[in-house]
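> Structure incoming, see below.
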Amino acid sequence: MDKIWLVIQREYLARVKKKSFLLATLITPLIFPAIMGIFVWISLEDEGGDALRIIEVVDENKMFFLESSEQYAFSFSDTDKEEAKKMVQEGDRYGFLYIPEFKLEDPQGIVFYGEENPSMSLISYLENNLRKKIEEQRLFESGIDPKIINEVRTNVGIRSITLDEKGGETVNDATVNYALGFLTGILIYIFIFVYGNQIMQGVIEEKSSRIVEILVSSLKPFQLMLGKIVGIGAVGLTQFLIWVVLIGTLTTFVMGYLGMQMPQQTAMEMANPELANSIPQTSNVAEIMQVISGINFLGLVLSFLFYFLGGYLLYGAMFAAIGSAVEAPSEAQQFMFPVTIPLIAAYMGLFVFVLNDPNSSASFWLSIIPLTSPIAMMGRVSYGVPWSDLVLSMSLLIAGFLFTTWMAGKIYRIGILMHGTKPSYKTLWKWIRMNN
Amino acid sequence: MLQIKNLNKSYGSNKALTDIDLHVPKGVIFGLLGPNGAGKTTLIRIINQIIEGDTGEILIDKEVLNPTHISKIGYLPEERGLYKKMKVWDQLMYFARLKGLSHSEAKSKINFWLEKLEISSWKEKKIEDLSKGMAQKVQFISTIIHEPPLLILDEPFSGFDPVNAELIKNEILELKEKGTTVILSTHRMESVELLCDQVAMINRSKKILDGTIREVKKSFRPEVYKISLRELKQLLPREWIAKEDDGNYNFTLPLSGKTPNEFLSELMQYGEVSQFQEVVPSMEEIFIHQVKATQHG
């Protein structure tokens with residue numbers, strides 16, 4: 001036990017002390033907000049920074065009036081097509097919209113001429129505007145007052161509430177559950193791959209640099225393997241915790257900043273959900289806040305930690321076994337299938353089945369089988385999952401990682417001392433059955 | 001110190017060790033000889049409890065081999081390495097702790113050895129920044145840091161430059177003076193003759209000979225004599241195949257049943273005997289002879 005502890009310490013400190021660890025730990029949580037920030041900044045630049053673009057409208061129906069936006073201004077100066085073309089060529093206009101004479105029932109032949117390829121947003125802006133105008137005109141012609149049309153326009157939003165056995169009500173929103181399931185599932189997926197690979201690299205390093213023979217004369221190969229898996233897992237957990245703290249702090253600051261800029265009503269609703277209920281037009285932000293407050297966060301965090309570690313231990317042992325069988329990372333490729341296939345299946349399953357319908361039978365099996373459950377179950381947990389399913393899945397995962405660790409140990413103790421032979425699946429199987 | 005009785009080990013259908021019996025007394029340097037693939041490494045791994053034998057018994061100080069013996073053995077494998085990214089000090093501390101030393105014990109011993117081998121100034125350097133010779137010194141320290149009563153060195157001189165090899169050799173002799181038992185596995189026979197008190201030879205999984213160097217050499221005396229004659233009185237028989245060198249006629253001849261004295265007086269009839277010396281085989285010759293003999297047998 002003492003010796004496993006020494007190995008854990010070494011594996012942990014050797015990694016945490018590295019500069020690259022510090023860098024990755026501090027920079028990663030900043031990367032996503034930074035990328036988002038850059039996009040927002042670029043799009044803001046795009047909208048506000050450019051000069052107003054003037055678009056000439058050549059309307060042979062003499063009927064359409066388009067409202068100018070921040071970016072585009074429309075000019076109606078009774079020009080004809082040829083004159084408008086000239087204006088564009090001379091650079092007086094950004095482009096012109098040609099609307100030929102047509103029957104309202106069949107608007108054909110509308111063309112946008114421009115000096116450059118127009119953006120999607122401009123085209124859809126024009127299309128939406130023209131459609132609205134044509135619809136209004138047609139309704140008007142069939143005798144309906146435009147005022148009435150404006151009055152009957154309605155916004156529909158469905159709120160969903162789950163009832164539990166005791167009659168308690170929880171406001172929920174599939175989008176929020178989806179996002180949480182997605183996020184936690186992906187995190188576990190990435191964690192398993194990144195740290196599983198570190199285990200493999202570490203084992204290969206010890207094997208190829210021949211340190212391992214000295215090590216196993218001092219402790220049992222199984223102790224060495226376990227120490228390595230636990231030590232690297234602790235590194236991952238440390239990194240993860242630092243991220244949580246960093247992101248938490250950042251979010252608090254950003255939210256605080258946004259909070260000051262929020263319109264009064266929303267702020268009030270957020271402060272008082274009862275009030276939000278009484279006001280029919282609930283704003284989106286308040287709704288999401290309400291949903292979030294309805295989620296069982298303790299349960300979510302605990303099951304996340306469980307599947308995070310369970311999945312890591314299950315696959316970590318497999319990565320260790322693979323590392324012990326080969327002499328260079330490039331050789332490991334041939335044994336990666338049993339690891340990557342279920343992981344990718346779980347990842348795909350999370351999107352195709354679990355997040356779309358957490359209660360389907362495909363989702364059930366994906367969340368029960370230990371190879372896929374660490375990722376797939378997170379998709380279900382965020383929606384709420386029956387206790388019986390959770391207990392079954394968790395106990396199978398524990399049994400699963402005990403099994404893979406046992407099997408990996410058998411491959412590992414022989415693999416680390418084998419040099420010069422390229423093992424196949426058949427030799428691995430022989431090692432598993434070998435007694436000593 | 002170490003007693004091995006009837007040890008067997010096989011990998012599948014391959015026999016790696018067959019009925020090995022060995023007795024290594026305390027305080028000797030014991031040469032374990034044999035060509036590659038003979039089973040030396042397997043035997044050493046079993047003593048180090050890296051793998052287990054199939055049948056047989058191993059006793060260390062009359063105790064059946066068990067995990068408490070790990071701290072009593074120092075092992076330098078033939079294939080060896082260190083963590084490249086780890087600092088010398090951390091590395092030695094790690095190995096010392098794994099061998100069961102406490103932190104403070106390890107600290108004083110590491111300091112002692114770093115100073116003894118004059119590499120104290122390197123303790124904060126990473127292995128990858130050291131020269132090969134320096135790394136070899138660190139490797140050697142890591143093997144003996146816990147002052148084991150039994151030291152197992154597998155090809156200790158391979159990969160060491162001559163200066164370090166000499167240094168290691170002297171350290172080994174010094175450890176022996178202090179009562180350490182050393183098992184030296186090698187196929188470099190010159191170091192065997194220089195260092196070893198006793199040897200055992202393994203070939204094709206079997207022990208084919210053992211004993212003190214003197215005993216071994218004695219039993220392999222081929223009774224051949226190296227002879228030089230001068231001022232020939234009569235022609236030498238054709239089959240003696242003598243070479244002339246500045247008036248000396250040199251050849252080697254077996255005793256062929258005669259006593260050395262009888263043989264000498266016979267030679268004196270041919271001329272003046274300037275050299276008459278028994279040819280003692282080197283360990284290397286015995287080694288090659290034995291390996292060939294077991295291969296053909």
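Convention: chains lettered A, B, ... in structure tokens order; per-chain residue numbering from 1; ligands numbered from 1 as shown.
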As an NGL selection string, could you give me every residue of chain A near chain B (at most 8 Å apart, counting only C-alpha atoms)?
:A and (3 or 6 or 10 or 14 or 206 or 209-211 or 213-220 or 436)
> Report as a ChimeraX atom specification all protein, DNA and RNA residues lying within 12 Å of Asp92 (chain A), evaluated on only C-alpha atoms, omitting residues in the same chain fewer than 5 positions from it.
/A:52-56,75,83-87,114-115
> With distances taken over only C-alpha atoms, which residue among A:Gln108, A:Met394, A:Leu30, A:Leu122 lies nearest Gly95 (chain A)?
A:Leu122
> I need the residues in region 55-127 of chain B that are helix (DSSP H, G or I) according to DSSP; give them as a VMD selection string.
chain B and resid 67 to 72 88 to 98 103 to 116 120 to 122 127
> Quick one: residues within 12 Å of Leu130 (chain B), only C-alpha atoms counted, chain neighbours fewer than 3 positions away excluded, as number ranges by chain?
B: 82-88, 119, 121-127, 133-139
> Could the residues in this selection be saved with N, CA, C and O atoms as a PDB file, in the first residue's frame?

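Dumped everything to out.pdb:
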ATOM      1  N   LEU B  82      16.467   5.318 -16.639  1.00  0.00           N
ATOM      2  CA  LEU B  82      16.007   6.230 -15.601  1.00  0.00           C
ATOM      3  C   LEU B  82      14.945   7.134 -16.223  1.00  0.00           C
ATOM      4  O   LEU B  82      14.839   7.232 -17.437  1.00  0.00           O
ATOM      5  N   TYR B  83      14.174   7.795 -15.377  1.00  0.00           N
ATOM      6  CA  TYR B  83      13.207   8.769 -15.889  1.00  0.00           C
ATOM      7  C   TYR B  83      13.975   9.973 -16.411  1.00  0.00           C
ATOM      8  O   TYR B  83      14.647  10.657 -15.652  1.00  0.00           O
ATOM      9  N   LYS B  84      13.845  10.220 -17.714  1.00  0.00           N
ATOM     10  CA  LYS B  84      14.647  11.283 -18.321  1.00  0.00           C
ATOM     11  C   LYS B  84      14.301  12.661 -17.786  1.00  0.00           C
ATOM     12  O   LYS B  84      15.151  13.529 -17.681  1.00  0.00           O
ATOM     13  N   LYS B  85      13.042  12.861 -17.460  1.00  0.00           N
ATOM     14  CA  LYS B  85      12.611  14.209 -17.080  1.00  0.00           C
ATOM     15  C   LYS B  85      12.718  14.446 -15.579  1.00  0.00           C
ATOM     16  O   LYS B  85      12.356  15.503 -15.086  1.00  0.00           O
ATOM     17  N   MET B  86      13.176  13.429 -14.853  1.00  0.00           N
ATOM     18  CA  MET B  86      13.217  13.580 -13.402  1.00  0.00           C
ATOM     19  C   MET B  86      14.599  14.041 -12.966  1.00  0.00           C
ATOM     20  O   MET B  86      15.601  13.705 -13.585  1.00  0.00           O
ATOM     21  N   LYS B  87      14.616  14.785 -11.877  1.00  0.00           N
ATOM     22  CA  LYS B  87      15.897  15.245 -11.366  1.00  0.00           C
ATOM     23  C   LYS B  87      16.606  14.105 -10.646  1.00  0.00           C
ATOM     24  O   LYS B  87      15.961  13.218 -10.088  1.00  0.00           O
ATOM     25  N   VAL B  88      17.944  14.177 -10.652  1.00  0.00           N
ATOM     26  CA  VAL B  88      18.761  13.121 -10.048  1.00  0.00           C
ATOM     27  C   VAL B  88      18.301  12.824  -8.621  1.00  0.00           C
ATOM     28  O   VAL B  88      18.062  11.678  -8.242  1.00  0.00           O
ATOM     29  N   ILE B 119      29.374  13.506  -7.661  1.00  0.00           N
ATOM     30  CA  ILE B 119      28.377  14.099  -8.561  1.00  0.00           C
ATOM     31  C   ILE B 119      27.342  14.904  -7.775  1.00  0.00           C
ATOM     32  O   ILE B 119      26.218  15.105  -8.227  1.00  0.00           O
ATOM     33  N   SER B 121      27.070  18.000  -7.341  1.00  0.00           N
ATOM     34  CA  SER B 121      26.604  19.227  -7.988  1.00  0.00           C
ATOM     35  C   SER B 121      25.530  18.941  -9.043  1.00  0.00           C
ATOM     36  O   SER B 121      24.933  19.850  -9.592  1.00  0.00           O
ATOM     37  N   TRP B 122      25.275  17.659  -9.310  1.00  0.00           N
ATOM     38  CA  TRP B 122      24.319  17.326 -10.359  1.00  0.00           C
ATOM     39  C   TRP B 122      22.935  17.005  -9.822  1.00  0.00           C
ATOM     40  O   TRP B 122      22.051  16.641 -10.591  1.00  0.00           O
ATOM     41  N   LYS B 123      22.768  17.115  -8.522  1.00  0.00           N
ATOM     42  CA  LYS B 123      21.541  16.534  -7.982  1.00  0.00           C
ATOM     43  C   LYS B 123      20.263  17.238  -8.436  1.00  0.00           C
ATOM     44  O   LYS B 123      19.203  16.631  -8.434  1.00  0.00           O
ATOM     45  N   GLU B 124      20.360  18.506  -8.831  1.00  0.00           N
ATOM     46  CA  GLU B 124      19.158  19.196  -9.301  1.00  0.00           C
ATOM     47  C   GLU B 124      18.999  19.133 -10.819  1.00  0.00           C
ATOM     48  O   GLU B 124      18.117  19.760 -11.392  1.00  0.00           O
ATOM     49  N   LYS B 125      19.888  18.386 -11.479  1.00  0.00           N
ATOM     50  CA  LYS B 125      19.797  18.282 -12.946  1.00  0.00           C
ATOM     51  C   LYS B 125      18.859  17.152 -13.335  1.00  0.00           C
ATOM     52  O   LYS B 125      18.759  16.144 -12.639  1.00  0.00           O
ATOM     53  N   LYS B 126      18.247  17.326 -14.478  1.00  0.00           N
ATOM     54  CA  LYS B 126      17.436  16.232 -15.006  1.00  0.00           C
ATOM     55  C   LYS B 126      18.347  15.227 -15.691  1.00  0.00           C
ATOM     56  O   LYS B 126      19.390  15.593 -16.236  1.00  0.00           O
ATOM     57  N   ILE B 127      17.911  13.969 -15.719  1.00  0.00           N
ATOM     58  CA  ILE B 127      18.730  12.915 -16.313  1.00  0.00           C
ATOM     59  C   ILE B 127      19.044  13.233 -17.775  1.00  0.00           C
ATOM     60  O   ILE B 127      20.133  12.989 -18.261  1.00  0.00           O
ATOM     61  N   GLY B 133      27.836   8.867 -19.014  1.00  0.00           N
ATOM     62  CA  GLY B 133      28.621   8.370 -17.890  1.00  0.00           C
ATOM     63  C   GLY B 133      28.037   8.797 -16.556  1.00  0.00           C
ATOM     64  O   GLY B 133      27.987   8.016 -15.599  1.00  0.00           O
ATOM     65  N   MET B 134      27.567  10.052 -16.496  1.00  0.00           N
ATOM     66  CA  MET B 134      26.964  10.554 -15.267  1.00  0.00           C
ATOM     67  C   MET B 134      25.707   9.769 -14.929  1.00  0.00           C
ATOM     68  O   MET B 134      25.474   9.380 -13.789  1.00  0.00           O
ATOM     69  N   ALA B 135      24.894   9.543 -15.970  1.00  0.00           N
ATOM     70  CA  ALA B 135      23.648   8.806 -15.765  1.00  0.00           C
ATOM     71  C   ALA B 135      23.945   7.398 -15.255  1.00  0.00           C
ATOM     72  O   ALA B 135      23.222   6.862 -14.417  1.00  0.00           O
ATOM     73  N   GLN B 136      25.056   6.828 -15.754  1.00  0.00           N
ATOM     74  CA  GLN B 136      25.413   5.482 -15.311  1.00  0.00           C
ATOM     75  C   GLN B 136      25.766   5.458 -13.830  1.00  0.00           C
ATOM     76  O   GLN B 136      25.424   4.529 -13.111  1.00  0.00           O
ATOM     77  N   LYS B 137      26.431   6.517 -13.381  1.00  0.00           N
ATOM     78  CA  LYS B 137      26.749   6.599 -11.956  1.00  0.00           C
ATOM     79  C   LYS B 137      25.460   6.672 -11.135  1.00  0.00           C
ATOM     80  O   LYS B 137      25.333   6.018 -10.104  1.00  0.00           O
ATOM     81  N   VAL B 138      24.530   7.495 -11.624  1.00  0.00           N
ATOM     82  CA  VAL B 138      23.253   7.621 -10.911  1.00  0.00           C
ATOM     83  C   VAL B 138      22.551   6.264 -10.863  1.00  0.00           C
ATOM     84  O   VAL B 138      22.011   5.849  -9.840  1.00  0.00           O
ATOM     85  N   GLN B 139      22.612   5.581 -11.995  1.00  0.00           N
ATOM     86  CA  GLN B 139      21.985   4.262 -12.075  1.00  0.00           C
ATOM     87  C   GLN B 139      22.593   3.310 -11.034  1.00  0.00           C
ATOM     88  O   GLN B 139      21.880   2.577 -10.348  1.00  0.00           O
TER      89      GLN B 139
END
> Hey, can you check how far CA of Ile369 (chain A) sits from CA of Phe353 (chain A)?
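Those two atoms sit 14.7 Å apart.
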> Find the residues near Phe65 (chain A): any atom within 10 Å, counting only C-alpha atoms, skip ones fewer than 2 places away on the same chain, and give them as a short mmCIF file (atom, residue, chain, number, x, y, z; two decimals) with C-alpha atoms, in the first residue's frame.

data_model
loop_
_atom_site.label_atom_id
_atom_site.label_comp_id
_atom_site.auth_asym_id
_atom_site.auth_seq_id
_atom_site.Cartn_x
_atom_site.Cartn_y
_atom_site.Cartn_z
CA VAL A 57 -34.87 49.69 -55.65
CA ASP A 59 -39.84 48.54 -58.66
CA LYS A 62 -44.50 50.93 -57.79
CA MET A 63 -45.84 49.23 -54.73
CA GLU A 67 -37.59 50.00 -44.48
CA SER A 68 -33.94 50.86 -44.15
CA PHE A 74 -33.04 51.79 -49.70
CA SER A 75 -33.44 54.48 -52.24
CA PHE A 76 -36.46 54.85 -54.48
CA ASN A 129 -39.57 42.01 -46.25
CA LEU A 130 -40.99 41.41 -49.70
CA LYS A 133 -45.40 43.15 -48.04
#
> Work out how far apart CA of Arg93 (chain A) and CA of Gln137 (chain A) are and give it in Å to one decimal.
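Atom-to-atom, CA of Arg93 (chain A) to CA of Gln137 (chain A), that is 28.2 Å.
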> Please list as a VMD selection string every residue within 9 Å of Leu104 (chain A), counting only C-alpha atoms and excluding residues in the same chain fewer than 6 positions away.
chain A and resid 134 to 135 137 to 138
> So that I have them on file, write out the residues from the current selection with C-alpha atoms, as an mmCIF file, in the first residue's frame.

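Wrote it out as result.cif, contents follow:
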data_model
loop_
_atom_site.group_PDB
_atom_site.id
_atom_site.type_symbol
_atom_site.label_atom_id
_atom_site.label_comp_id
_atom_site.auth_asym_id
_atom_site.auth_seq_id
_atom_site.Cartn_x
_atom_site.Cartn_y
_atom_site.Cartn_z
ATOM 1 C CA ILE A 134 -46.935 40.797 -50.596
ATOM 2 C CA GLU A 135 -48.877 38.900 -47.908
ATOM 3 C CA GLN A 137 -51.164 43.401 -49.825
ATOM 4 C CA ARG A 138 -52.978 40.190 -50.677
#
> Could you tell me how far CA of Asn203 (chain B) lies from CA of Gly39 (chain B), in Å and to one decimal?
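Separation between CA of Asn203 (chain B) and CA of Gly39 (chain B): 7.3 Å.
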> Counting only C-alpha atoms, which residue out of A:Phe39, A:Leu126, A:Glu60, A:Met407 sits closest to Ala73 (chain A)?
A:Leu126
